>>> print(open('protein_7.csv').read())   # CSV, C-alpha atoms and all ligand atoms
chain,number,residue,atom,x,y,z
A,267,MET,CA,-34.2,21.1,-35.1
A,268,SER,CA,-35.0,17.7,-33.7
A,269,ARG,CA,-32.3,15.6,-32.2
A,270,ASP,CA,-32.4,13.1,-35.1
A,271,GLU,CA,-31.9,16.0,-37.5
A,272,LEU,CA,-29.1,17.3,-35.4
A,273,VAL,CA,-27.4,13.9,-35.4
A,274,GLU,CA,-27.7,13.7,-39.1
A,275,LEU,CA,-26.4,17.2,-39.6
A,276,GLY,CA,-23.5,16.6,-37.2
A,277,GLY,CA,-22.5,13.6,-39.3
A,278,GLN,CA,-22.6,15.5,-42.5
A,279,LEU,CA,-20.7,18.5,-41.1
A,280,ASP,CA,-18.0,16.2,-39.9
A,281,GLY,CA,-17.9,14.3,-43.1
A,282,VAL,CA,-19.1,11.1,-41.4
A,283,GLU,CA,-21.0,8.6,-43.3
A,284,LEU,CA,-23.0,6.0,-41.3
A,285,VAL,CA,-22.6,2.8,-43.1
A,286,ASN,CA,-24.4,0.6,-40.6
A,287,TYR,CA,-26.2,1.4,-37.4
A,288,PRO,CA,-28.4,-1.6,-36.5
A,289,ASP,CA,-30.6,-1.8,-33.4
A,290,PRO,CA,-29.3,-4.9,-31.6
A,291,TRP,CA,-32.8,-5.7,-30.3
A,292,PRO,CA,-35.2,-4.5,-33.0
A,293,VAL,CA,-38.1,-6.4,-31.3
A,294,GLU,CA,-38.5,-5.3,-27.8
A,295,GLY,CA,-39.1,-7.7,-24.9
A,296,THR,CA,-38.0,-11.0,-26.4
A,297,ARG,CA,-36.9,-13.8,-24.1
A,298,ALA,CA,-33.3,-13.5,-25.3
A,299,GLU,CA,-33.2,-9.8,-24.5
A,300,LYS,CA,-34.6,-10.4,-21.0
A,301,ARG,CA,-32.1,-13.2,-20.5
A,302,ALA,CA,-29.2,-10.9,-21.5
A,303,GLN,CA,-30.6,-8.2,-19.2
A,304,ARG,CA,-30.8,-10.6,-16.3
A,305,THR,CA,-27.2,-11.8,-16.9
A,306,ILE,CA,-25.9,-8.3,-16.8
A,307,ALA,CA,-27.9,-7.4,-13.7
A,308,LEU,CA,-26.5,-10.5,-12.0
A,309,TRP,CA,-22.9,-9.4,-12.6
A,310,PHE,CA,-23.7,-6.0,-11.2
A,311,ALA,CA,-25.3,-7.7,-8.2
A,312,ILE,CA,-22.2,-9.9,-7.7
A,313,SER,CA,-20.1,-6.7,-7.8
A,314,ALA,CA,-22.2,-5.1,-5.1
A,315,VAL,CA,-22.2,-8.2,-2.9
A,316,ALA,CA,-18.4,-8.6,-3.2
A,317,GLY,CA,-18.0,-4.8,-2.5
A,318,LEU,CA,-20.1,-5.1,0.6
A,319,ALA,CA,-18.0,-8.2,1.7
A,320,PHE,CA,-14.8,-6.1,1.1
A,321,ILE,CA,-16.1,-3.3,3.4
A,322,ALA,CA,-17.2,-5.9,6.0
A,323,ALA,CA,-13.8,-7.6,5.9
A,324,LEU,CA,-12.0,-4.3,6.2
A,325,ILE,CA,-13.9,-3.4,9.3
A,326,PHE,CA,-14.6,-6.7,11.1
A,327,TRP,CA,-12.0,-9.3,10.0
A,328,PRO,CA,-9.4,-9.9,12.7
A,329,SER,CA,-6.3,-8.1,11.4
A,330,GLU,CA,-4.2,-8.1,14.6
A,331,TYR,CA,-1.3,-10.5,14.4
A,332,ALA,CA,-1.8,-13.8,16.2
A,333,PRO,CA,1.1,-16.2,16.7
A,334,PRO,CA,0.9,-19.7,15.2
A,335,SER,CA,0.4,-21.3,18.7
A,336,GLU,CA,-3.1,-19.7,18.8
A,337,GLU,CA,-4.2,-21.9,15.9
A,338,SER,CA,-7.7,-20.6,15.2
A,339,ALA,CA,-6.8,-16.9,15.7
A,340,HIS,CA,-3.7,-17.3,13.5
A,341,PHE,CA,-5.7,-19.0,10.8
A,342,TRP,CA,-8.2,-16.2,10.6
A,343,TYR,CA,-5.5,-13.5,10.8
A,344,SER,CA,-3.6,-15.2,8.0
A,345,LEU,CA,-6.7,-14.9,5.8
A,346,TYR,CA,-7.1,-11.2,6.3
A,347,THR,CA,-5.1,-9.9,3.3
A,348,PRO,CA,-6.4,-12.6,1.0
A,349,ALA,CA,-10.0,-11.8,2.1
A,350,LEU,CA,-9.5,-8.1,1.2
A,351,GLY,CA,-7.8,-8.9,-2.1
A,352,VAL,CA,-10.4,-11.5,-3.2
A,353,THR,CA,-13.5,-9.5,-2.3
A,354,LEU,CA,-12.2,-6.3,-3.9
A,355,GLY,CA,-10.9,-8.2,-6.9
A,356,VAL,CA,-14.2,-9.9,-7.5
A,357,SER,CA,-16.1,-6.6,-7.1
A,358,VAL,CA,-14.0,-4.9,-9.7
A,359,LEU,CA,-14.0,-7.9,-12.0
A,360,ALA,CA,-17.8,-8.4,-11.8
A,361,LEU,CA,-18.4,-4.7,-12.5
A,362,SER,CA,-16.1,-4.8,-15.5
A,363,VAL,CA,-17.7,-7.9,-16.9
A,364,ALA,CA,-21.1,-6.3,-16.5
A,365,VAL,CA,-20.1,-3.1,-18.3
A,366,LEU,CA,-18.4,-5.1,-21.1
A,367,LEU,CA,-21.5,-7.4,-21.5
A,368,TYR,CA,-23.8,-4.4,-21.6
A,369,THR,CA,-21.7,-2.8,-24.3
A,370,LYS,CA,-21.6,-6.0,-26.3
A,371,ARG,CA,-25.3,-6.8,-26.0
A,372,PHE,CA,-27.1,-3.5,-26.0
A,373,ILE,CA,-24.9,-0.8,-27.6
A,374,PRO,CA,-25.5,-0.6,-31.4
A,375,ASP,CA,-22.6,-1.9,-33.4
A,376,GLU,CA,-22.1,1.2,-35.4
A,377,LEU,CA,-20.0,1.3,-38.6
A,378,ALA,CA,-19.1,4.8,-39.8
A,379,VAL,CA,-16.6,6.3,-42.1
A,380,GLN,CA,-15.1,9.8,-41.6
A,381,GLN,CA,-12.6,11.8,-43.6
A,382,ARG,CA,-9.7,13.1,-41.6
A,383,ASN,CA,-10.4,16.7,-40.6
A,384,ASP,CA,-8.7,18.7,-37.8
A,385,ASN,CA,-10.7,21.9,-38.5
A,386,MET,CA,-7.5,23.7,-39.3
A,387,GLY,CA,-6.7,23.8,-35.6
A,388,LYS,CA,-9.7,26.0,-34.8
A,389,GLY,CA,-12.1,25.3,-31.9
A,390,SER,CA,-15.6,24.0,-32.4
A,391,ASP,CA,-18.3,26.4,-33.3
A,392,LYS,CA,-21.9,26.5,-32.0
A,393,ILE,CA,-23.4,24.1,-34.5
A,394,ASP,CA,-20.6,21.6,-33.8
A,395,ARG,CA,-21.2,21.7,-30.1
A,396,GLU,CA,-24.9,21.2,-30.6
A,397,THR,CA,-24.5,18.3,-32.9
A,398,ILE,CA,-22.1,16.6,-30.6
A,399,LEU,CA,-24.5,16.9,-27.7
A,400,ALA,CA,-27.2,15.5,-29.9
A,401,HIS,CA,-24.9,12.6,-30.8
A,402,LEU,CA,-24.2,11.9,-27.2
A,403,ALA,CA,-27.9,12.0,-26.2
A,404,ASP,CA,-28.6,9.8,-29.2
A,405,SER,CA,-26.0,7.3,-28.1
A,406,GLY,CA,-27.5,7.3,-24.7
A,407,GLU,CA,-30.9,6.6,-26.0
A,408,ARG,CA,-29.8,3.9,-28.4
A,409,SER,CA,-28.0,2.2,-25.6
A,410,THR,CA,-31.5,1.6,-24.2
A,411,ILE,CA,-30.2,2.1,-20.7
A,412,ALA,CA,-33.0,4.5,-19.8
A,413,ARG,CA,-35.7,1.8,-20.1
A,414,ARG,CA,-33.7,-1.0,-18.4
A,415,SER,CA,-34.5,-0.3,-14.8
A,416,MET,CA,-33.1,-3.7,-13.5
A,417,ILE,CA,-29.7,-3.0,-15.0
A,418,LYS,CA,-29.8,0.6,-13.9
A,419,ARG,CA,-30.5,-0.3,-10.3
A,420,THR,CA,-28.0,-3.1,-10.1
A,421,ALA,CA,-25.3,-1.0,-11.9
A,422,GLY,CA,-25.9,1.8,-9.4
A,423,LEU,CA,-25.7,-0.6,-6.5
A,424,GLY,CA,-22.5,-2.2,-7.8
A,425,ALA,CA,-20.7,1.0,-8.7
A,426,GLY,CA,-21.9,2.7,-5.5
A,427,VAL,CA,-20.7,-0.1,-3.2
A,428,LEU,CA,-17.4,-0.3,-5.0
A,429,GLY,CA,-17.1,3.5,-4.7
A,430,LEU,CA,-17.8,3.2,-1.0
A,431,GLY,CA,-15.2,0.5,-0.7
A,432,THR,CA,-12.5,2.7,-2.3
A,433,VAL,CA,-13.4,5.5,0.0
A,434,ALA,CA,-13.4,3.2,3.0
A,435,LEU,CA,-9.9,2.0,2.2
A,436,PRO,CA,-8.1,5.3,2.9
A,437,LEU,CA,-10.5,6.1,5.8
A,438,ALA,CA,-9.7,2.8,7.5
A,439,GLY,CA,-6.3,4.1,8.5
A,440,PHE,CA,-8.0,6.7,10.7
A,441,ILE,CA,-10.1,4.3,12.6
A,442,LYS,CA,-7.2,3.3,14.8
A,443,ASP,CA,-5.7,6.6,16.0
A,444,PRO,CA,-1.9,6.2,16.2
A,445,TRP,CA,-1.7,9.3,18.4
A,446,ALA,CA,-4.2,8.2,21.0
A,447,ASN,CA,-1.2,7.7,23.4
A,448,PRO,CA,2.0,9.2,21.9
A,449,GLU,CA,4.0,7.7,24.8
A,450,SER,CA,2.9,4.2,24.0
A,451,LYS,CA,5.5,2.0,22.4
A,452,ASP,CA,2.8,1.3,19.8
A,453,SER,CA,2.6,4.9,18.6
A,454,LEU,CA,4.3,6.0,15.4
A,455,ALA,CA,6.9,7.9,17.5
A,456,HIS,CA,8.2,4.7,19.2
A,457,THR,CA,9.3,1.2,18.5
A,458,GLY,CA,9.6,-2.1,20.4
A,459,TRP,CA,12.9,-0.8,21.7
A,460,LYS,CA,11.2,1.6,24.1
A,461,LYS,CA,11.6,0.6,27.8
A,462,GLN,CA,8.3,-0.2,29.4
A,463,TYR,CA,9.4,0.9,32.8
A,464,PRO,CA,12.5,2.8,34.0
A,465,GLY,CA,15.6,0.5,34.3
A,466,GLU,CA,14.2,-2.2,32.0
A,467,ILE,CA,17.0,-4.0,30.1
A,468,VAL,CA,16.3,-4.4,26.4
A,469,TYR,CA,18.8,-6.8,24.8
A,470,LEU,CA,19.8,-7.1,21.2
A,471,ARG,CA,19.0,-10.6,20.0
A,472,ARG,CA,19.6,-12.2,16.6
A,473,SER,CA,17.0,-14.1,14.6
A,474,THR,CA,17.6,-17.8,14.6
A,475,GLY,CA,14.3,-18.7,12.9
A,476,ASN,CA,12.9,-19.9,16.2
A,477,PRO,CA,11.4,-17.1,18.4
A,478,HIS,CA,12.1,-19.4,21.5
A,479,ASP,CA,15.8,-19.8,20.7
A,480,ILE,CA,17.1,-16.6,22.4
A,481,SER,CA,20.5,-15.8,21.1
A,482,LEU,CA,21.9,-12.5,22.6
A,483,VAL,CA,24.7,-10.6,21.0
A,484,ARG,CA,28.2,-9.8,22.5
A,485,PRO,CA,30.4,-7.2,21.0
A,486,GLU,CA,33.0,-9.8,20.0
A,487,ASP,CA,30.4,-11.8,18.0
A,488,LEU,CA,30.8,-9.5,15.0
A,489,ASP,CA,34.0,-9.3,12.9
A,490,ALA,CA,35.2,-6.0,11.6
A,491,GLY,CA,33.1,-5.0,8.5
A,492,GLY,CA,30.4,-7.4,9.7
A,493,MET,CA,26.6,-6.7,9.9
A,494,GLU,CA,23.8,-8.5,11.7
A,495,THR,CA,20.1,-7.8,12.0
A,496,VAL,CA,18.9,-7.7,15.6
A,497,PHE,CA,15.6,-7.4,17.5
A,498,PRO,CA,14.6,-6.3,21.0
A,499,PHE,CA,14.4,-8.9,23.8
A,500,ARG,CA,13.4,-8.5,27.4
A,501,GLU,CA,13.7,-11.2,30.1
A,502,SER,CA,10.0,-10.7,31.0
A,503,GLU,CA,9.1,-12.1,27.5
A,504,ARG,CA,11.3,-15.2,27.6
A,505,ASP,CA,8.4,-17.6,28.0
A,506,ASP,CA,5.8,-15.5,26.3
A,507,GLU,CA,5.4,-16.9,22.8
A,508,HIS,CA,3.2,-14.1,21.6
A,509,ALA,CA,5.5,-11.3,22.8
A,510,LEU,CA,8.6,-13.0,21.4
A,511,SER,CA,6.8,-13.4,18.0
A,512,VAL,CA,5.6,-9.8,18.0
A,513,ALA,CA,9.1,-8.5,18.8
A,514,MET,CA,10.5,-10.4,15.8
A,515,LYS,CA,7.7,-9.4,13.4
A,516,ARG,CA,7.0,-5.8,14.3
A,517,SER,CA,7.9,-3.8,11.3
A,518,ASP,CA,9.8,-1.0,13.0
A,519,ASN,CA,11.9,-3.2,15.3
A,520,PRO,CA,14.7,-4.5,12.9
A,521,VAL,CA,18.0,-2.9,13.6
A,522,MET,CA,21.3,-3.3,11.7
A,523,LEU,CA,24.3,-3.8,14.0
A,524,ILE,CA,27.4,-3.0,12.1
A,525,ARG,CA,31.0,-3.2,13.2
A,526,LEU,CA,33.1,-0.8,11.3
A,527,ARG,CA,36.8,-1.6,10.6
A,528,SER,CA,38.8,0.4,13.2
A,529,GLU,CA,40.5,2.5,10.5
A,530,ASP,CA,37.0,3.4,9.2
A,531,ALA,CA,35.6,4.0,12.6
A,532,GLU,CA,38.3,6.7,13.2
A,533,GLN,CA,36.8,8.8,10.3
A,534,VAL,CA,33.2,8.6,11.5
A,535,VAL,CA,31.4,11.9,11.6
A,536,LYS,CA,28.8,11.6,14.3
A,537,ARG,CA,25.4,13.3,14.4
A,538,GLN,CA,25.1,16.2,16.8
A,539,GLY,CA,23.6,15.0,20.1
A,540,GLN,CA,24.3,11.4,19.2
A,541,GLU,CA,28.0,11.3,19.8
A,542,ASP,CA,27.7,8.5,22.4
A,543,PHE,CA,25.1,6.3,20.6
A,544,ASN,CA,27.7,3.8,19.4
A,545,TYR,CA,29.7,1.3,21.4
A,546,GLY,CA,33.3,1.5,20.2
A,547,THR,CA,33.2,0.4,16.5
A,548,LEU,CA,29.7,-0.9,16.8
A,549,PHE,CA,26.9,1.2,15.4
A,550,ALA,CA,23.2,0.3,15.3
A,551,TYR,CA,20.8,1.8,12.8
A,552,SER,CA,17.2,1.2,11.9
A,553,LYS,CA,16.9,-1.2,9.0
A,554,ILE,CA,13.8,0.6,7.7
A,555,CYS,CA,14.6,2.9,4.8
A,556,THR,CA,13.6,6.5,5.3
A,557,HIS,CA,12.3,6.7,1.7
A,558,VAL,CA,9.3,4.3,1.7
A,559,GLY,CA,10.2,1.8,4.3
A,560,CYS,CA,11.9,-1.1,2.6
A,561,PRO,CA,14.5,-3.1,4.5
A,562,ALA,CA,17.8,-1.5,3.7
A,563,SER,CA,20.5,-4.0,4.5
A,564,LEU,CA,22.9,-4.3,1.7
A,565,TYR,CA,26.0,-3.2,3.5
A,566,GLU,CA,29.1,-2.9,1.5
A,567,GLN,CA,32.1,-2.8,3.8
A,568,GLN,CA,34.7,-1.6,1.2
A,569,THR,CA,32.8,1.7,0.7
A,570,ASN,CA,31.0,1.7,4.0
A,571,ARG,CA,27.7,2.4,2.2
A,572,LEU,CA,24.4,0.8,2.8
A,573,LEU,CA,22.2,0.2,-0.2
A,574,CYS,CA,18.4,0.0,-0.2
A,575,PRO,CA,17.4,-2.4,-2.9
A,576,CYS,CA,14.0,-0.9,-3.6
A,577,HIS,CA,15.0,2.5,-5.2
A,578,GLN,CA,18.8,2.4,-4.8
A,579,SER,CA,19.1,4.9,-2.0
A,580,GLN,CA,22.6,4.8,-0.5
A,581,PHE,CA,23.5,5.7,3.1
A,582,ASP,CA,27.0,6.6,4.2
A,583,MET,CA,27.8,4.7,7.4
A,584,LEU,CA,30.8,7.0,8.1
A,585,GLN,CA,28.4,9.9,8.3
A,586,TYR,CA,25.7,8.8,10.7
A,587,ALA,CA,24.0,6.9,7.8
A,588,LYS,CA,23.0,10.0,6.0
A,589,PRO,CA,21.7,9.5,2.4
A,590,VAL,CA,24.2,10.2,-0.3
A,591,PHE,CA,22.4,8.9,-3.3
A,592,GLY,CA,18.8,8.1,-4.3
A,593,PRO,CA,15.4,9.3,-3.2
A,594,ALA,CA,15.8,9.0,0.6
A,595,THR,CA,16.2,12.4,2.2
A,596,ARG,CA,16.7,11.6,5.9
A,597,ALA,CA,19.5,9.6,7.7
A,598,LEU,CA,18.6,6.2,9.2
A,599,PRO,CA,17.8,6.7,12.8
A,600,GLN,CA,20.5,5.4,15.2
A,601,LEU,CA,19.8,3.2,18.2
A,602,PRO,CA,21.9,4.1,21.2
A,603,ILE,CA,23.7,0.9,22.5
A,604,THR,CA,26.0,-0.2,25.2
A,605,VAL,CA,27.1,-3.4,27.0
A,606,HIS,CA,25.3,-4.7,30.1
A,607,THR,CA,27.2,-6.0,33.1
A,608,ASP,CA,26.6,-9.6,31.8
A,609,GLY,CA,28.6,-8.8,28.6
A,610,TYR,CA,25.6,-8.6,26.2
A,611,LEU,CA,24.7,-5.6,24.0
A,612,ILE,CA,21.6,-3.7,25.1
A,613,ALA,CA,19.7,-0.6,23.9
A,614,ARG,CA,20.2,2.4,26.1
A,615,HIS,CA,16.8,3.7,25.2
A,616,ASP,CA,14.5,3.9,22.1
A,617,PHE,CA,15.3,5.8,19.0
A,618,ILE,CA,15.0,9.5,19.6
A,619,GLU,CA,13.1,10.1,16.3
A,620,PRO,CA,10.5,8.1,14.4
A,621,ILE,CA,11.9,5.6,12.1
A,622,GLY,CA,10.9,4.9,8.5
A,623,PRO,CA,9.2,7.1,5.9
A,624,ALA,CA,8.0,10.6,6.6
A,625,TYR,CA,4.4,11.4,7.6
A,626,TRP,CA,2.7,14.7,7.8
A,627,GLU,CA,3.0,15.2,11.6
A,628,ARG,CA,6.8,14.7,11.5
A,629,LYS,CA,8.8,17.8,12.3
A,630,SER,CA,12.0,16.7,10.4
B,1,LIG,S1,12.5,2.4,0.0
B,1,LIG,FE1,14.6,2.6,0.1
B,1,LIG,S2,15.1,3.7,-1.6
B,1,LIG,FE2,13.0,3.6,-1.7
>>> encode(input="protein_7.csv", output="structure tokens")
Amino acid sequence: MSRDELVELGGQLDGVELVNYPDPWPVEGTRAEKRAQRTIALWFAISAVAGLAFIAALIFWPSEYAPPSEESAHFWYSLYTPALGVTLGVSVLALSVAVLLYTKRFIPDELAVQQRNDNMGKGSDKIDRETILAHLADSGERSTIARRSMIKRTAGLGAGVLGLGTVALPLAGFIKDPWANPESKDSLAHTGWKKQYPGEIVYLRRSTGNPHDISLVRPEDLDAGGMETVFPFRESERDDEHALSVAMKRSDNPVMLIRLRSEDAEQVVKRQGQEDFNYGTLFAYSKICTHVGCPASLYEQQTNRLLCPCHQSQFDMLQYAKPVFGPATRALPQLPITVHTDGYLIARHDFIEPIGPAYWERKS
């Protein structure tokens, strides 16, 4: 049986009546048809160019944070995310427009009527399978894609580049190896609280909105039941605008300093091996939720629970910030603190475990 006969037979077997099946371009090679073809090819080409621009931006655009004082560097850095979003967005959009236009201009606008038939729940038999394959092949041919080489080439390019971009996106995370130096403060296992040399003093500072306005924290600054977000500060960075800015912006640096009410502090259950991490009634925990890394800082002093607003995990501050509700499964890491001889709070050392969400190399 020829394909046309199979198509017709398939329709009859399925009770389908073709009411209208016009060829959108009955006369081949007209100027209008060529114009439609060029327009579609142009959209595919735009998709390809935008996809290439996305990959180039992902690899070459300066993504390292630059402080506002370095005007030019900061300007380009601030455009990194928009550049990725715009190029990927234009690529997807152009590809979609091209596919829609092709469907509208070149796929026959078929009108068919079919009686409802579920084949009594039985699977398709051989003739059904053959006729459906014939229908698919017929649709492919009637779409005329086979003879439109310009559209085929640009569509392949556009879809290919976009596919490459979507592969490049997850691979990009591997370009910078976070394990190149596991002892570096920039590795996943450490934070900006890590001492850069033995004996270095790392103070707790509050955010005043101005990185140069250094406001250190004394134990008496917090009332019972109070909470404050603090960041690391070292004297060696006092006049270093870049370092000050990085310390405030680095995503794993924020720490919640909490003063429990004394009657609550007496009930605290401390984590094994971390019995001396607090200073009196002052406890410091990472602010980064162990679920997927939102800032968890809704501290409710009546219940001594900390709520993460993203997915409602709750952490019990009377039990080493262990999760008691919601999707988080690990306690918030605790920062060991004490008071320096000058009366200000300092970190004794870095967290002893990675902060934030789990990742596959984590042991716990
Ligand atoms: S990120 Fe905190 S609960 Fe999901």
>>> atom_distance(input="protein_7.csv", atom1="CA of Ile312 in chain A", atom2="CA of Val363 in chain A")
10.4 Å
>>> residues_around(input="protein_7.csv", residues="Gln381 in chain A", least_positions_apart="4", cutoff="10 Å", atoms="all atoms listed in the file", output="list of chain:residue names")
A:Asp280, A:Gly281, A:Val282, A:Glu283
>>> closest_residue(input="protein_7.csv", among="A:Ile467, A:Ala322, A:Cys576, A:Leu366", to="ligand LIG 1 (chain B)", atoms="all atoms listed in the file")
A:Cys576
>>> closest_residue(input="protein_7.csv", among="A:Leu548, A:Leu598, A:Val273, A:Leu611", to="ligand LIG 1 (chain B)", atoms="only C-alpha atoms and all ligand atoms")
A:Leu598
>>> residues_near_ligand(input="protein_7.csv", ligand="ligand LIG 1 (chain B)", cutoff="8 Å", atoms="only C-alpha atoms and all ligand atoms", output="VMD selection string")
chain A and resid 554 to 562 573 to 580 592 to 594
